[in-house]
Amino acid sequence: EDDVRKIRLAEVPKHDRNASSKWIVRETSVYDITDFVEQHPGGEVILRACGGTIDPYWKIFSIHQKPEVYEILKEFYIGEIDERDLDGSGHVDWNVLGAKVDAVDDPFKYEPERDPSLIFRTEKPCNAETPGDLLTDFLTPLKLFFVRNHLWVPQTHESPQSITIELSDGEEKTYTLEDLKAKFKEHTITVTLQCSGNRRSHMSKAAPGPTSGLQWDVGAIGTADFSGVRLRDVLKDAGYCVDGDCPAPKQCDSQEADQHVHFTSPADTYAVSIPLQTAINPQADVLLAWDMNGEPINRDHGGPLRAIVPGVTAARSVKWLGKVSISCDESQSQWQKRDYKCFGPNIKQSQVRGEDWDEAESIQETPVQSAITKIVKAEGNSQTTVDGFAFSGGGRRIVRVDVSADGGKTWKQADLHNDKAKGSRRWAWTLWTIEWPKEELKPGQEAEFVVKAVDDAYNTQPQSFDDTWNFRGLCANAWMRVAI
Ligand code: MTE
Ligand code: MO
């Protein structure tokens, strides 16, 4: 057909993962998959192939070799590689670019071992949550701590052993882990990390319908003591003026008045940003951390060095951290610009245009949340014991937890455990327990335990998911209900 667009091979590498339009080549056909990336069931691994051919990856991830997949790909077809870039047998001549395409190694070959009691939502990449009834310790045991990997886990030698700080004028300074330990005061803070998608499966049952993403239950959350140095101290040492007589801050001409701090993992290519104000606030306790519950952070959780941003959605706590940079703009990555943003309950994913994504606010501090994790039923005349957690973003404490056993008609207050958390503010969850006398548990339609929490700003949780629904299933925090 004459109207097929012919594309020179040299164009293809310009459309890699960092380009605003991302292409892949399958055999001799070219596809613009920019809008497909966040729908890709296997996650952003697909970015790795952008600007080149998908063929060697599909040899590794052979589940792609079926008609349904070819059918999806068709939607994104934009043209054919120009004949001048094909070899004698009609194959794309990748040698033209000096690229070796047959040497793709399975990036998931070197995954660490994991505890089989985790609930695996996907294997490659590993996304595994803690079963609710194992979430009853204030500090989550490391082997049970949820794992949320967008991509593969870097091998030890691929993970950065030092961190480079880049200031807004481009000035750079690099610190090894030993430098950080020797030069700065060590801090330990108790932090709850919660994935923005925690409880997404609950939101998926709401009236507007299923949401896209990993269908987590209550366990994409965990709490640990993290030790490391304050990012603030390191920025200051690297030349950023944080207190005293500072020159006027650099003026950004972007619409956002604030500057941003980018965290980049060169190892798995993940990158996001947080407001600079958070990074330099001594009360915000942002850490470059190397220890988790007193042990060196293991590979799954981002060792040797990860960012810890307390009170903020866990997506900002970048693992295998190699670079921190100050910029006028938010990170341009997929995970900052095209993910972790909520739209109204009326909006479907297909309605969202590029500029809508740009305008929507990135999730940073998270709303008040609570969940029931364990119910131990009464035997004889004894009590039914209900356990759970409650947590709010931004360092806000939990001041009350209300529990109902009749679907939310009548309420009682749970006992809040008084576990002490380290840090300038309350970055950790509050565990709670309530005993319910057996004779007060009425069978019937409304026999349902319900929980909602209140934080110290008197924020509370929405009653239902029907009107707080968003198509990505993020910040799912409506009252949690469990049938008795
Ligand atoms: N950092 C890197 N480099 N790669 C990732 O895939 N996932 C993020 C964040 N940091 C991620 C990352 C997300 S979405 C979450 S919820 C947390 O890490 C999960 O941290 P954990 O696996 O230690 O529980
Ligand atoms: Mo996450």
# chains A, B, ... in the order shown; residues from 1 in each chain; ligands from 1
>>> residues_around(residues="region 262-276 of chain A", least_positions_apart="3", cutoff="6 Å", atoms="only C-alpha atoms", output="ChimeraX atom specification")
/A:154,158-159,259,279,320-325,330-331,336
>>> residues_near_ligand(ligand="ligand 2", cutoff="8 Å", atoms="only C-alpha atoms and all ligand atoms", output="ChimeraX atom specification")
/A:148,194-198,220,313-315
>>> write_last_selection(atoms="N, CA and C atoms", output="CSV table (one decimal), in the first residue's frame")
chain,number,residue,atom,x,y,z
A,148,ARG,N,7.4,-3.5,46.1
A,148,ARG,CA,6.7,-2.9,44.9
A,148,ARG,C,7.8,-2.5,44.0
A,194,GLN,N,3.5,3.5,52.4
A,194,GLN,CA,2.3,3.0,51.8
A,194,GLN,C,2.3,3.3,50.3
A,195,CYS,N,2.1,2.2,49.5
A,195,CYS,CA,1.9,2.4,48.1
A,195,CYS,C,0.6,3.2,47.8
A,196,SER,N,0.7,4.0,46.8
A,196,SER,CA,-0.5,4.8,46.4
A,196,SER,C,-1.7,3.9,46.0
A,197,GLY,N,-1.3,2.7,45.6
A,197,GLY,CA,-2.4,1.7,45.2
A,197,GLY,C,-2.9,0.8,46.3
A,198,ASN,N,-2.4,1.0,47.5
A,198,ASN,CA,-2.9,0.2,48.6
A,198,ASN,C,-4.5,0.2,48.7
A,220,ALA,N,-0.2,-3.4,51.0
A,220,ALA,CA,0.9,-2.7,50.3
A,220,ALA,C,1.3,-1.5,51.2
A,313,THR,N,3.6,9.6,49.7
A,313,THR,CA,3.3,8.3,49.1
A,313,THR,C,4.7,7.6,48.8
A,314,ALA,N,4.7,6.3,49.0
A,314,ALA,CA,6.0,5.5,49.0
A,314,ALA,C,6.7,5.6,47.6
A,315,ALA,N,5.9,5.9,46.5
A,315,ALA,CA,6.5,6.0,45.2
A,315,ALA,C,7.7,7.0,45.2
>>> closest_residue(among="A:Ala428, A:Val45, A:Ala414, A:Cys342", to="ligand 1", atoms="only C-alpha atoms and all ligand atoms")
A:Val45
>>> residues_around(residues="Gly395 (chain A)", least_positions_apart="5", cutoff="7 Å", atoms="only C-alpha atoms", output="PyMOL selection string")
chain A and resi 311+425-427
>>> select_by_dssp(residues="region 113-144 of chain A", states="strand (DSSP E or B)", output="PDB file with C-alpha atoms, in the first residue's frame")
ATOM      1  CA  ILE A 119       0.898 -12.478  48.440  1.00  0.00           C
ATOM      2  CA  PHE A 120       2.363 -12.118  44.953  1.00  0.00           C
ATOM      3  CA  ARG A 121       0.310  -9.873  42.664  1.00  0.00           C
ATOM      4  CA  THR A 122       2.914 -10.176  39.897  1.00  0.00           C
ATOM      5  CA  ASN A 127       4.849  -6.965  43.420  1.00  0.00           C
ATOM      6  CA  ALA A 128       4.017  -8.697  46.666  1.00  0.00           C
ATOM      7  CA  GLU A 129       2.013  -7.602  49.684  1.00  0.00           C
TER       8      GLU A 129
END
>>> decode(residues="region 129-192 of chain A", atoms="C-alpha atoms", output="compact mmCIF listing (two decimals), in the first residue's frame")
# COMPACT_ATOMS: atom_id res chain seq x y z
CA GLU A 129 2.01 -7.60 49.68
CA THR A 130 1.90 -8.63 53.31
CA PRO A 131 -1.14 -10.70 54.30
CA GLY A 132 -3.30 -8.55 56.61
CA ASP A 133 -3.08 -10.89 59.60
CA LEU A 134 0.74 -10.61 59.50
CA LEU A 135 0.62 -6.80 59.70
CA THR A 136 0.07 -6.70 63.44
CA ASP A 137 3.62 -5.77 64.53
CA PHE A 138 4.40 -2.09 64.91
CA LEU A 139 7.66 -2.60 62.97
CA THR A 140 7.02 -4.87 60.02
CA PRO A 141 9.49 -7.79 59.92
CA LEU A 142 11.78 -7.24 56.94
CA LYS A 143 11.02 -10.52 55.25
CA LEU A 144 7.31 -9.64 55.31
CA PHE A 145 7.65 -6.02 54.17
CA PHE A 146 5.73 -5.48 50.92
CA VAL A 147 7.74 -5.25 47.69
CA ARG A 148 6.71 -2.87 44.93
CA ASN A 149 9.00 -2.99 41.93
CA HIS A 150 8.09 -1.31 38.67
CA LEU A 151 10.95 -3.03 36.94
CA TRP A 152 13.69 -5.51 37.80
CA VAL A 153 15.88 -5.59 40.89
CA PRO A 154 19.39 -4.46 39.96
CA GLN A 155 22.25 -6.81 40.67
CA THR A 156 24.51 -5.72 43.50
CA HIS A 157 27.24 -4.50 41.14
CA GLU A 158 24.69 -2.48 39.14
CA SER A 159 23.36 -0.60 42.17
CA PRO A 160 24.97 2.75 42.82
CA GLN A 161 27.53 2.71 45.62
CA SER A 162 27.67 6.49 45.75
CA ILE A 163 25.33 9.38 45.34
CA THR A 164 25.73 12.44 43.13
CA ILE A 165 24.12 15.70 44.16
CA GLU A 166 23.47 18.18 41.36
CA LEU A 167 22.54 21.74 42.29
CA SER A 168 20.40 24.02 40.12
CA ASP A 169 23.51 25.61 38.56
CA GLY A 170 24.73 22.19 37.42
CA GLU A 171 27.39 21.97 40.12
CA GLU A 172 27.89 18.32 41.19
CA LYS A 173 29.32 16.59 44.22
CA THR A 174 29.56 12.84 44.77
CA TYR A 175 29.53 10.99 48.09
CA THR A 176 30.22 7.33 48.67
CA LEU A 177 28.26 5.52 51.34
CA GLU A 178 31.36 5.74 53.53
CA ASP A 179 31.56 9.50 52.97
CA LEU A 180 27.95 9.87 54.07
CA LYS A 181 28.53 7.78 57.19
CA ALA A 182 31.71 9.64 58.11
CA LYS A 183 30.64 13.16 57.35
CA PHE A 184 27.06 13.57 58.56
CA LYS A 185 25.02 12.90 61.66
CA GLU A 186 23.07 9.67 61.48
CA HIS A 187 19.32 9.83 62.15
CA THR A 188 16.84 7.03 62.69
CA ILE A 189 13.18 7.63 61.99
CA THR A 190 10.16 5.36 62.09
CA VAL A 191 8.32 5.56 58.79
CA THR A 192 5.28 3.92 57.31
